[in-house]
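Asker: Pasting target19.csv below, which is CSV, C-alpha atoms and all ligand atoms.
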```csv
chain,number,residue,atom,x,y,z
A,1,MET,CA,-9.1,20.0,-21.6
A,2,ASN,CA,-12.5,21.6,-22.0
A,3,VAL,CA,-15.0,19.1,-20.7
A,4,SER,CA,-18.7,19.8,-21.4
A,5,SER,CA,-21.1,18.9,-18.7
A,6,HIS,CA,-22.8,16.5,-21.2
A,7,VAL,CA,-19.6,14.4,-21.5
A,8,LEU,CA,-19.1,14.5,-17.7
A,9,ASN,CA,-22.7,13.3,-17.2
A,10,ARG,CA,-22.1,10.4,-19.6
A,11,VAL,CA,-18.9,9.4,-17.7
A,12,GLU,CA,-20.7,9.6,-14.4
A,13,ALA,CA,-23.6,7.6,-15.7
A,14,ALA,CA,-21.2,4.9,-17.2
A,15,LEU,CA,-19.4,4.7,-13.8
A,16,LEU,CA,-22.7,4.3,-11.9
A,17,ASP,CA,-24.1,1.8,-14.4
A,18,LEU,CA,-20.8,-0.1,-14.1
A,19,ASP,CA,-20.7,0.1,-17.9
A,20,LEU,CA,-17.0,-0.5,-18.7
A,21,GLU,CA,-17.5,-0.5,-22.4
A,22,ALA,CA,-19.2,2.9,-22.4
A,23,LEU,CA,-16.6,4.2,-20.2
A,24,ARG,CA,-13.8,2.9,-22.4
A,25,SER,CA,-15.2,4.5,-25.5
A,26,LEU,CA,-15.7,7.9,-23.8
A,27,VAL,CA,-12.1,7.8,-22.6
A,28,VAL,CA,-10.8,6.6,-26.0
A,29,GLU,CA,-12.8,9.5,-27.6
A,30,ALA,CA,-11.2,12.0,-25.3
A,31,LEU,CA,-7.7,10.5,-25.9
A,32,ALA,CA,-7.9,11.3,-29.5
A,33,THR,CA,-7.4,15.0,-28.7
A,34,THR,CA,-6.0,15.1,-25.2
A,35,PRO,CA,-3.0,13.7,-23.4
A,36,LYS,CA,-3.6,10.6,-21.2
A,37,LEU,CA,-3.1,12.1,-17.8
A,38,GLU,CA,-5.2,15.1,-18.6
A,39,VAL,CA,-8.1,12.9,-19.6
A,40,PHE,CA,-8.0,11.3,-16.1
A,41,GLU,CA,-7.6,14.6,-14.2
A,42,ALA,CA,-10.2,16.6,-16.1
A,43,LEU,CA,-12.7,13.9,-17.0
A,44,VAL,CA,-12.6,10.7,-14.9
A,45,GLU,CA,-11.6,12.2,-11.5
A,46,PRO,CA,-14.3,14.9,-11.5
A,47,ALA,CA,-16.9,12.3,-12.4
A,48,LEU,CA,-15.7,10.1,-9.5
A,49,GLU,CA,-15.8,13.1,-7.2
A,50,ARG,CA,-19.3,13.9,-8.2
A,51,ILE,CA,-20.3,10.4,-7.3
A,52,GLY,CA,-18.5,10.9,-3.9
A,53,ARG,CA,-20.5,14.0,-3.3
A,54,SER,CA,-23.8,12.2,-4.0
A,55,TRP,CA,-22.7,9.6,-1.4
A,56,GLU,CA,-21.9,12.4,1.1
A,57,ASP,CA,-25.4,13.8,0.4
A,58,GLY,CA,-26.9,10.4,1.1
A,59,ASP,CA,-28.1,9.8,-2.5
A,60,LEU,CA,-25.8,6.9,-3.1
A,61,ALA,CA,-24.4,3.9,-1.2
A,62,LEU,CA,-20.7,3.6,-0.4
A,63,ALA,CA,-20.7,0.4,-2.4
A,64,GLN,CA,-21.5,2.4,-5.5
A,65,VAL,CA,-18.5,4.7,-4.9
A,66,TYR,CA,-16.4,1.6,-4.4
A,67,MET,CA,-17.6,-0.1,-7.6
A,68,ALA,CA,-17.1,3.1,-9.6
A,69,SER,CA,-13.6,3.4,-8.3
A,70,ARG,CA,-12.8,-0.2,-9.3
A,71,LEU,CA,-13.8,0.7,-12.8
A,72,VAL,CA,-11.5,3.7,-12.7
A,73,GLU,CA,-8.7,1.5,-11.5
A,74,ARG,CA,-9.2,-0.8,-14.5
A,75,LEU,CA,-8.9,2.2,-16.8
A,76,VAL,CA,-5.8,3.4,-15.1
A,77,GLU,CA,-4.3,0.0,-15.6
A,78,GLU,CA,-5.3,-0.1,-19.3
A,79,HIS,CA,-4.0,3.4,-20.1
A,80,LEU,CA,-1.5,4.6,-17.7
A,81,VAL,CA,0.7,1.7,-16.9
A,82,ALA,CA,3.4,2.8,-19.2
A,83,GLY,CA,6.8,1.3,-19.8
A,84,LEU,CA,9.7,2.7,-17.9
A,85,LEU,CA,12.0,5.2,-19.6
A,86,ALA,CA,15.6,5.5,-18.7
A,87,HIS,CA,16.2,8.6,-16.6
A,88,ARG,CA,19.2,10.6,-15.6
A,89,THR,CA,20.7,10.1,-12.2
A,90,GLN,CA,18.1,10.5,-9.5
A,91,PRO,CA,17.9,9.8,-5.7
A,92,LEU,CA,16.2,6.6,-4.5
A,93,MET,CA,12.5,7.2,-4.3
A,94,ALA,CA,9.4,5.3,-3.1
A,95,MET,CA,5.7,6.1,-2.7
A,96,ALA,CA,3.2,4.9,-0.2
A,97,VAL,CA,-0.4,5.6,0.9
A,98,LEU,CA,-0.4,6.2,4.7
A,99,GLU,CA,-2.9,4.3,6.7
A,100,ASP,CA,-6.0,4.6,4.5
A,101,HIS,CA,-7.1,2.7,1.4
A,102,HIS,CA,-7.7,5.4,-1.1
A,103,LEU,CA,-5.3,4.1,-3.7
A,104,LEU,CA,-6.2,5.9,-6.9
A,105,GLY,CA,-4.2,9.1,-6.2
A,106,LYS,CA,-1.0,7.0,-5.7
A,107,ARG,CA,-1.7,5.1,-8.9
A,108,LEU,CA,-2.0,8.3,-10.9
A,109,VAL,CA,1.0,10.0,-9.4
A,110,LEU,CA,3.1,6.8,-10.0
A,111,ALA,CA,1.9,6.7,-13.6
A,112,SER,CA,2.7,10.3,-14.1
A,113,LEU,CA,6.2,9.9,-12.8
A,114,ARG,CA,6.9,6.7,-14.7
A,115,MET,CA,5.7,8.4,-17.9
A,116,SER,CA,8.3,11.2,-17.2
A,117,GLY,CA,11.0,8.7,-16.6
A,118,TRP,CA,11.3,8.7,-12.8
A,119,LEU,CA,11.9,5.4,-11.1
A,120,VAL,CA,9.8,5.2,-8.0
A,121,ALA,CA,9.2,2.1,-5.9
A,122,ASP,CA,5.6,1.3,-5.0
A,123,TRP,CA,5.4,0.6,-1.2
A,124,GLY,CA,1.6,0.1,-1.2
A,125,VAL,CA,-0.2,1.0,2.0
A,126,ALA,CA,1.9,1.7,5.1
A,127,SER,CA,-0.1,1.2,8.2
A,128,ASP,CA,2.4,2.6,10.7
A,129,PRO,CA,4.1,6.0,10.2
A,130,VAL,CA,7.1,5.1,12.4
A,131,HIS,CA,7.8,1.9,10.4
A,132,LEU,CA,7.4,3.8,7.2
A,133,ALA,CA,10.1,6.3,8.3
A,134,GLU,CA,12.4,3.5,9.6
A,135,ARG,CA,12.1,1.7,6.2
A,136,ALA,CA,12.8,4.9,4.3
A,137,HIS,CA,15.9,5.5,6.4
A,138,ALA,CA,17.1,1.8,6.2
A,139,GLU,CA,16.7,1.8,2.4
A,140,GLY,CA,18.5,5.2,2.1
A,141,LEU,CA,15.6,6.9,0.3
A,142,GLY,CA,16.3,10.4,-1.0
A,143,ILE,CA,12.6,11.1,-1.5
A,144,LEU,CA,9.5,9.6,0.1
A,145,LEU,CA,6.2,10.4,-1.5
A,146,ILE,CA,3.1,10.0,0.7
A,147,SER,CA,-0.5,10.0,-0.4
A,148,THR,CA,-3.4,10.4,2.0
A,149,LEU,CA,-7.1,11.1,1.5
A,150,MET,CA,-8.3,11.2,5.1
A,151,ASP,CA,-7.6,14.1,7.4
A,152,ARG,CA,-6.5,11.7,10.2
A,153,SER,CA,-3.9,10.0,8.0
A,154,ALA,CA,-2.7,13.4,6.6
A,155,ARG,CA,-2.0,14.5,10.2
A,156,ARG,CA,0.1,11.4,10.8
A,157,VAL,CA,2.6,12.5,8.2
A,158,ALA,CA,4.0,14.6,11.1
A,159,GLU,CA,5.0,11.3,12.8
A,160,VAL,CA,6.9,10.1,9.7
A,161,VAL,CA,8.8,13.4,9.5
A,162,GLY,CA,9.5,13.4,13.3
A,163,THR,CA,10.8,9.9,13.1
A,164,LEU,CA,13.0,10.7,10.1
A,165,LYS,CA,14.5,13.6,12.1
A,166,LEU,CA,15.1,11.4,15.1
A,167,LEU,CA,16.9,8.9,12.9
A,168,GLY,CA,19.0,11.7,11.4
A,169,ALA,CA,17.8,10.7,7.9
A,170,SER,CA,18.1,13.1,5.0
A,171,THR,CA,15.0,11.7,3.2
A,172,ARG,CA,12.8,14.5,1.9
A,173,VAL,CA,9.0,14.0,2.2
A,174,VAL,CA,6.6,15.0,-0.6
A,175,VAL,CA,2.9,14.8,0.3
A,176,GLY,CA,-0.4,14.9,-1.5
A,177,GLY,CA,-4.1,14.0,-1.6
A,178,ALA,CA,-7.3,15.8,-0.8
A,179,PRO,CA,-6.5,17.1,2.7
A,180,PHE,CA,-3.4,18.8,1.3
A,181,ARG,CA,-5.2,20.2,-1.7
A,182,LEU,CA,-7.9,21.6,0.5
A,183,ASN,CA,-5.6,23.1,3.2
A,184,PRO,CA,-2.5,24.7,1.7
A,185,GLU,CA,-1.0,25.2,5.2
A,186,LEU,CA,-1.2,21.5,6.1
A,187,CYS,CA,2.0,20.5,4.2
A,188,ARG,CA,4.0,23.0,6.4
A,189,GLU,CA,2.1,22.0,9.5
A,190,VAL,CA,3.1,18.3,9.2
A,191,GLY,CA,6.7,19.3,8.4
A,192,ALA,CA,6.7,17.9,4.8
A,193,ASP,CA,9.0,19.4,2.2
A,194,ALA,CA,6.6,19.9,-0.7
A,195,THR,CA,3.2,19.1,-2.2
A,196,ALA,CA,1.3,19.3,-5.5
A,197,ALA,CA,-2.4,19.3,-6.2
A,198,GLU,CA,-2.3,17.1,-9.3
A,199,ALA,CA,-0.4,14.1,-10.5
A,200,SER,CA,0.7,15.9,-13.7
A,201,ALA,CA,2.5,18.6,-11.5
A,202,VAL,CA,4.6,16.0,-9.6
A,203,PRO,CA,7.4,15.5,-12.2
A,204,ALA,CA,8.2,19.2,-12.3
A,205,LEU,CA,8.0,19.4,-8.5
A,206,LEU,CA,10.6,16.6,-8.2
A,207,GLU,CA,12.8,18.2,-10.8
A,208,ARG,CA,12.9,21.4,-8.7
A,209,LEU,CA,13.4,19.4,-5.5
A,210,VAL,CA,16.4,17.5,-6.8
A,211,GLY,CA,17.7,20.3,-8.9
A,212,VAL,CA,17.4,18.5,-12.2
A,213,SER,CA,17.1,20.8,-15.2
A,301,LIG,C1,-13.3,6.9,-4.3
A,301,LIG,C2,-13.5,7.2,-2.8
A,301,LIG,C3,-13.4,6.1,-1.9
A,301,LIG,C4,-13.2,4.6,-2.5
A,301,LIG,C5,-11.6,4.5,-2.7
A,301,LIG,C6,-11.3,3.4,-3.7
A,301,LIG,C7,-9.8,3.5,-4.1
A,301,LIG,N1,-9.4,2.3,-4.6
A,301,LIG,O1,-9.1,4.4,-4.0
A,301,LIG,C8,-13.8,3.8,-1.3
A,301,LIG,C9,-15.2,3.5,-1.6
A,301,LIG,C10,-13.1,2.5,-1.0
A,301,LIG,C11,-13.7,4.8,-0.1
A,301,LIG,C12,-13.8,4.4,1.2
A,301,LIG,C13,-13.8,5.3,2.3
A,301,LIG,N2,-13.9,6.6,2.2
A,301,LIG,CO1,-13.6,7.6,0.5
A,301,LIG,N3,-13.7,8.8,-1.0
A,301,LIG,C14,-13.6,8.5,-2.2
A,301,LIG,C15,-13.8,9.8,-3.0
A,301,LIG,C16,-15.2,9.9,-3.5
A,301,LIG,C17,-12.8,10.1,-4.2
A,301,LIG,C18,-11.4,9.8,-3.9
A,301,LIG,C19,-10.6,9.6,-5.2
A,301,LIG,O2,-10.2,8.4,-5.5
A,301,LIG,N4,-10.4,10.6,-6.0
A,301,LIG,C20,-9.6,10.5,-7.2
A,301,LIG,C21,-8.1,10.6,-6.9
A,301,LIG,C22,-7.3,10.3,-8.2
A,301,LIG,O3,-7.9,11.9,-6.4
A,301,LIG,P1,-6.8,12.1,-5.2
A,301,LIG,O4,-6.6,10.9,-4.4
A,301,LIG,O5,-7.2,13.4,-4.6
A,301,LIG,O6,-5.4,12.3,-6.0
A,301,LIG,C23,-5.1,13.4,-6.8
A,301,LIG,C24,-4.4,14.5,-6.0
A,301,LIG,O7,-4.8,14.6,-4.7
A,301,LIG,C25,-2.9,14.2,-6.2
A,301,LIG,N5,-2.2,13.3,-5.2
A,301,LIG,C26,-2.7,12.2,-4.5
A,301,LIG,N6,-1.8,11.6,-3.8
A,301,LIG,C27,-0.7,12.4,-3.9
A,301,LIG,C28,0.6,12.2,-3.3
A,301,LIG,C29,1.6,13.1,-3.6
A,301,LIG,C30,2.9,12.9,-3.0
A,301,LIG,C31,1.3,14.2,-4.5
A,301,LIG,C32,2.4,15.2,-4.7
A,301,LIG,C33,0.0,14.4,-5.1
A,301,LIG,C34,-0.9,13.4,-4.8
A,301,LIG,O8,-2.8,13.6,-7.4
A,301,LIG,C35,-4.0,12.8,-7.7
A,301,LIG,C36,-4.3,12.9,-9.2
A,301,LIG,O9,-4.4,14.2,-9.7
A,301,LIG,C37,-13.4,10.9,-1.9
A,301,LIG,C38,-14.1,12.3,-2.1
A,301,LIG,C39,-13.0,13.3,-2.6
A,301,LIG,N7,-13.6,14.4,-3.0
A,301,LIG,O10,-11.8,13.1,-2.6
A,301,LIG,C40,-13.9,10.1,-0.6
A,301,LIG,C41,-13.3,10.5,0.7
A,301,LIG,C42,-11.8,10.6,0.6
A,301,LIG,N8,-13.6,9.3,1.5
A,301,LIG,C43,-13.9,9.5,2.8
A,301,LIG,C44,-14.2,8.5,3.7
A,301,LIG,C45,-14.7,9.1,5.1
A,301,LIG,C46,-14.2,7.2,3.4
A,301,LIG,C47,-14.5,6.0,4.4
A,301,LIG,C48,-14.0,6.2,5.8
A,301,LIG,C49,-16.0,5.7,4.4
A,301,LIG,C50,-16.6,4.7,5.3
A,301,LIG,N9,-17.5,5.1,6.1
A,301,LIG,O11,-16.1,3.6,5.3
A,301,LIG,C51,-13.8,4.8,3.7
A,301,LIG,C52,-12.4,4.7,4.2
A,301,LIG,C53,-11.5,3.6,3.6
A,301,LIG,C54,-10.1,3.7,4.2
A,301,LIG,N10,-9.9,3.1,5.3
A,301,LIG,O12,-9.3,4.2,3.5
A,301,LIG,C55,-13.8,11.0,3.1
A,301,LIG,C56,-12.6,11.4,3.9
A,301,LIG,C57,-13.0,12.4,5.0
A,301,LIG,C58,-11.9,13.0,5.7
A,301,LIG,N11,-12.0,14.3,5.8
A,301,LIG,O13,-11.0,12.4,6.3
A,301,LIG,C59,-13.9,11.6,1.6
A,301,LIG,C60,-13.2,13.0,1.5
A,301,LIG,C61,-15.4,11.8,1.3
A,301,LIG,C62,-16.1,12.8,2.3
A,301,LIG,N12,-16.1,14.0,2.0
A,301,LIG,O14,-16.6,12.3,3.3
A,301,LIG,N13,-13.6,6.1,-0.6
```
Can you give me the file's structure in the form of structure tokens?
Ligand code: B12
Answerer:
Amino acid sequence: MNVSSHVLNRVEAALLDLDLEALRSLVVEALATTPKLEVFEALVEPALERIGRSWEDGDLALAQVYMASRLVERLVEEHLVAGLLAHRTQPLMAMAVLEDHHLLGKRLVLASLRMSGWLVADWGVASDPVHLAERAHAEGLGILLISTLMDRSARRVAEVVGTLKLLGASTRVVVGGAPFRLNPELCREVGADATAAEASAVPALLERLVGVS
């Protein structure tokens, strides 16, 4: 999707003005020519990240980032909460955010997977990496997806992987979120099996991982 800076500016302004109607019409306009997930990845996410950068630069308050992200959540609910498709045989899967409360990435990844027919349980926020691993083992998960946005939480994935090993679990761990996007080595460093930079890339990644053609 080719996004002009003019459109991006309008999305950013709508987010900052908390103008849900303006935001809705910009998204609906983009949806006329572009697939849903792409509209979120190429238009809404970059606008939110720009707002995040203004906060980092001290030009906006955290409350503004928070309110803008609430609006994005509304849009995700309106457009990306798709019905489940029947899928072929697949391992048991669940997804959680580890420790932090940046939930948008998880929502987008779950929406992308559901749209491609994967059944993935939503385990919300897991505050303890050891408990998360124990639950994954107890429930016989084949794949555990973990989203983290803070460096500290990303590093704690190593505790999930370590505990799974101690338990002798065969659960594979797929990780994602900004720390993994920014540092391509981090996935290997924490002992995870795979990562992807965008929600739209996750279905293909899972297909490779479970050998579905
Ligand atoms: C929005 C936002 C918030 C919102 C979150 C609202 C919500 N409901 O999610 C609010 C305002 C609450 C917030 C709070 C805080 N935030 Co904040 N936040 C952001 C911001 C601006 C954007 C994040 C976002 O939602 N992006 C859009 C989503 C869709 O992108 P994404 O999560 O990366 O997901 C995509 C991919 O990564 C991938 N993906 C994601 N998960 C997964 C998982 C798997 C398995 C796979 C394969 C792929 C995948 O797919 C997604 C879609 O393509 C970032 C800046 C940034 N550039 O990331 C800072 C940022 C993440 N926040 C930061 C900080 C510090 C905080 C606070 C500590 C601030 C404070 N002083 O209180 C708190 C912490 C709250 C907590 N305990 O978690 C820092 C983290 C720094 C660090 N290095 O650890 C950042 C990087 C800003 C910065 N540079 O300082 N934040």
Asker: Can you work out which one of A:Leu205, A:Ala61, A:Ala196, A:Leu80 has the shortest atom-to-atom distance to ligand LIG 301 (chain A), counting all atoms listed in the file?
Answerer: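 The answer is A:Ala196, which sits nearest to ligand LIG 301 (chain A).
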Asker: So, with only C-alpha atoms as the atoms that count, which of A:Ala158, A:Leu167, A:Leu23, A:Ala63 lies closest to Val190 (chain A)?
Answerer: A:Ala158
Asker: Given all atoms listed in the file as the basis, pick out the residue of A:Val161, A:Ala138, A:Ala68, A:Leu119 nearest to ligand LIG 301 (chain A).
Answerer: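 Of A:Val161, A:Ala138, A:Ala68, A:Leu119, the one nearest ligand LIG 301 (chain A) is A:Ala68, counting all atoms listed in the file.
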Asker: When distances are computed from all atoms listed in the file, which of A:Ser147, A:Ser153, A:Gln90, A:Thr163 shows the smallest separation from Arg135 (chain A)?
Answerer: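 Smallest distance to Arg135 (chain A) is found for A:Thr163.
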Asker: Please indicate the distance in Å from CA of Ala192 (chain A) to atom C23 of ligand LIG 301 (chain A), rounded to one decimal place.
Answerer: 17.1 Å
Asker: State, in Å with one decimal place, the distance from atom N8 of ligand LIG 301 (chain A) to CA of His131 (chain A).
Answerer: 24.3 Å
Asker: Would you mind listing what lies within 10 Å of Leu62 (chain A) as a ChimeraX atom specification, with all atoms listed in the file counted and same-chain residues fewer than 6 positions away left out?
Answerer: /A:51-52,54-56,68
Asker: In Å, how far is it from CA of Leu108 (chain A) to atom C26 of ligand LIG 301 (chain A)?
Answerer: 7.5 Å
Asker: Give me the residues near Ile146 (chain A) as JSON, numbers by chain, where near means some atom within 9 Å (using all atoms listed in the file) and where sequence neighbours in that chain fewer than 3 positions away do not count.
Answerer: {"A": [94, 95, 96, 97, 98, 106, 154, 157, 173, 174, 175, 176, 177]}
Asker: So, with only C-alpha atoms and all ligand atoms as the atoms that count, which of A:Ala126, A:Leu145, A:Leu75, A:Leu166 lies closest to ligand LIG 301 (chain A)?
Answerer: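 Among the listed residues, A:Leu145 lies closest to ligand LIG 301 (chain A).
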Asker: Of the candidates A:Arg172, A:Arg53, A:Arg10, A:Arg188, which one gets nearest to ligand LIG 301 (chain A) if we count only C-alpha atoms and all ligand atoms?
Answerer: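 With only C-alpha atoms and all ligand atoms as the atom set, the closest residue is A:Arg53.
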Asker: Give me, as a list in words, all polymer residues having an atom no more than 8 Å from region 35-48 of chain A, counting only C-alpha atoms and skipping those fewer than 2 positions away in the same chain.
Answerer: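 After dropping sequence-adjacent residues, the list is Met1, Val3, Leu8, Asn9, Val11, Glu12, Leu15, Val27, Ala30, Leu31, Thr33, Arg50, Ile51, Gly52, Val65, Ala68, Ser69, Val72, His79, Leu80, Leu108, Ser112, Glu198 and Ser200 of chain A.
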Asker: Would you fill out region 10-28 of chain A with N, CA, C and O atoms and return it as a PDB file, in the coordinates of the input?
Answerer:
```pdb
ATOM      1  N   ARG A  10     -22.114  11.786 -18.976  1.00  0.00           N
ATOM      2  CA  ARG A  10     -22.100  10.400 -19.600  1.00  0.00           C
ATOM      3  C   ARG A  10     -21.018   9.568 -18.847  1.00  0.00           C
ATOM      4  O   ARG A  10     -21.242   8.378 -18.626  1.00  0.00           O
ATOM      5  N   VAL A  11     -19.892  10.192 -18.456  1.00  0.00           N
ATOM      6  CA  VAL A  11     -18.900   9.400 -17.700  1.00  0.00           C
ATOM      7  C   VAL A  11     -19.429   9.009 -16.357  1.00  0.00           C
ATOM      8  O   VAL A  11     -19.290   7.859 -15.933  1.00  0.00           O
ATOM      9  N   GLU A  12     -20.100   9.942 -15.705  1.00  0.00           N
ATOM     10  CA  GLU A  12     -20.700   9.600 -14.400  1.00  0.00           C
ATOM     11  C   GLU A  12     -21.709   8.508 -14.524  1.00  0.00           C
ATOM     12  O   GLU A  12     -21.710   7.553 -13.729  1.00  0.00           O
ATOM     13  N   ALA A  13     -22.546   8.587 -15.559  1.00  0.00           N
ATOM     14  CA  ALA A  13     -23.600   7.600 -15.700  1.00  0.00           C
ATOM     15  C   ALA A  13     -22.931   6.198 -16.018  1.00  0.00           C
ATOM     16  O   ALA A  13     -23.352   5.169 -15.462  1.00  0.00           O
ATOM     17  N   ALA A  14     -21.876   6.196 -16.837  1.00  0.00           N
ATOM     18  CA  ALA A  14     -21.200   4.900 -17.200  1.00  0.00           C
ATOM     19  C   ALA A  14     -20.594   4.327 -15.879  1.00  0.00           C
ATOM     20  O   ALA A  14     -20.645   3.114 -15.658  1.00  0.00           O
ATOM     21  N   LEU A  15     -20.036   5.200 -15.019  1.00  0.00           N
ATOM     22  CA  LEU A  15     -19.400   4.700 -13.800  1.00  0.00           C
ATOM     23  C   LEU A  15     -20.520   4.119 -12.861  1.00  0.00           C
ATOM     24  O   LEU A  15     -20.335   3.064 -12.255  1.00  0.00           O
ATOM     25  N   LEU A  16     -21.660   4.788 -12.811  1.00  0.00           N
ATOM     26  CA  LEU A  16     -22.700   4.300 -11.900  1.00  0.00           C
ATOM     27  C   LEU A  16     -23.396   3.049 -12.469  1.00  0.00           C
ATOM     28  O   LEU A  16     -23.817   2.186 -11.710  1.00  0.00           O
ATOM     29  N   ASP A  17     -23.455   2.963 -13.806  1.00  0.00           N
ATOM     30  CA  ASP A  17     -24.100   1.800 -14.400  1.00  0.00           C
ATOM     31  C   ASP A  17     -23.064   0.600 -14.473  1.00  0.00           C
ATOM     32  O   ASP A  17     -23.387  -0.474 -14.988  1.00  0.00           O
ATOM     33  N   LEU A  18     -21.838   0.867 -14.042  1.00  0.00           N
ATOM     34  CA  LEU A  18     -20.800  -0.100 -14.100  1.00  0.00           C
ATOM     35  C   LEU A  18     -20.603  -0.585 -15.595  1.00  0.00           C
ATOM     36  O   LEU A  18     -20.379  -1.772 -15.857  1.00  0.00           O
ATOM     37  N   ASP A  19     -20.741   0.369 -16.509  1.00  0.00           N
ATOM     38  CA  ASP A  19     -20.700   0.100 -17.900  1.00  0.00           C
ATOM     39  C   ASP A  19     -19.258   0.329 -18.451  1.00  0.00           C
ATOM     40  O   ASP A  19     -18.952   1.423 -18.946  1.00  0.00           O
ATOM     41  N   LEU A  20     -18.414  -0.678 -18.310  1.00  0.00           N
ATOM     42  CA  LEU A  20     -17.000  -0.500 -18.700  1.00  0.00           C
ATOM     43  C   LEU A  20     -16.819  -0.178 -20.148  1.00  0.00           C
ATOM     44  O   LEU A  20     -15.968   0.630 -20.515  1.00  0.00           O
ATOM     45  N   GLU A  21     -17.647  -0.794 -20.994  1.00  0.00           N
ATOM     46  CA  GLU A  21     -17.500  -0.500 -22.400  1.00  0.00           C
ATOM     47  C   GLU A  21     -17.804   0.929 -22.768  1.00  0.00           C
ATOM     48  O   GLU A  21     -17.070   1.574 -23.516  1.00  0.00           O
ATOM     49  N   ALA A  22     -18.885   1.460 -22.193  1.00  0.00           N
ATOM     50  CA  ALA A  22     -19.200   2.900 -22.400  1.00  0.00           C
ATOM     51  C   ALA A  22     -18.135   3.788 -21.926  1.00  0.00           C
ATOM     52  O   ALA A  22     -17.748   4.750 -22.592  1.00  0.00           O
ATOM     53  N   LEU A  23     -17.614   3.446 -20.758  1.00  0.00           N
ATOM     54  CA  LEU A  23     -16.600   4.200 -20.200  1.00  0.00           C
ATOM     55  C   LEU A  23     -15.307   4.236 -21.036  1.00  0.00           C
ATOM     56  O   LEU A  23     -14.692   5.269 -21.317  1.00  0.00           O
ATOM     57  N   ARG A  24     -14.953   3.015 -21.489  1.00  0.00           N
ATOM     58  CA  ARG A  24     -13.800   2.900 -22.400  1.00  0.00           C
ATOM     59  C   ARG A  24     -13.948   3.755 -23.607  1.00  0.00           C
ATOM     60  O   ARG A  24     -13.030   4.459 -23.995  1.00  0.00           O
ATOM     61  N   SER A  25     -15.141   3.729 -24.222  1.00  0.00           N
ATOM     62  CA  SER A  25     -15.200   4.500 -25.500  1.00  0.00           C
ATOM     63  C   SER A  25     -15.231   5.999 -25.207  1.00  0.00           C
ATOM     64  O   SER A  25     -14.677   6.747 -26.006  1.00  0.00           O
ATOM     65  N   LEU A  26     -15.764   6.437 -24.064  1.00  0.00           N
ATOM     66  CA  LEU A  26     -15.700   7.900 -23.800  1.00  0.00           C
ATOM     67  C   LEU A  26     -14.229   8.301 -23.539  1.00  0.00           C
ATOM     68  O   LEU A  26     -13.800   9.364 -24.002  1.00  0.00           O
ATOM     69  N   VAL A  27     -13.476   7.434 -22.865  1.00  0.00           N
ATOM     70  CA  VAL A  27     -12.100   7.800 -22.600  1.00  0.00           C
ATOM     71  C   VAL A  27     -11.283   7.738 -23.928  1.00  0.00           C
ATOM     72  O   VAL A  27     -10.490   8.645 -24.216  1.00  0.00           O
ATOM     73  N   VAL A  28     -11.522   6.732 -24.749  1.00  0.00           N
ATOM     74  CA  VAL A  28     -10.800   6.600 -26.000  1.00  0.00           C
ATOM     75  C   VAL A  28     -11.115   7.845 -26.916  1.00  0.00           C
ATOM     76  O   VAL A  28     -10.228   8.423 -27.539  1.00  0.00           O
TER      77      VAL A  28
END
```
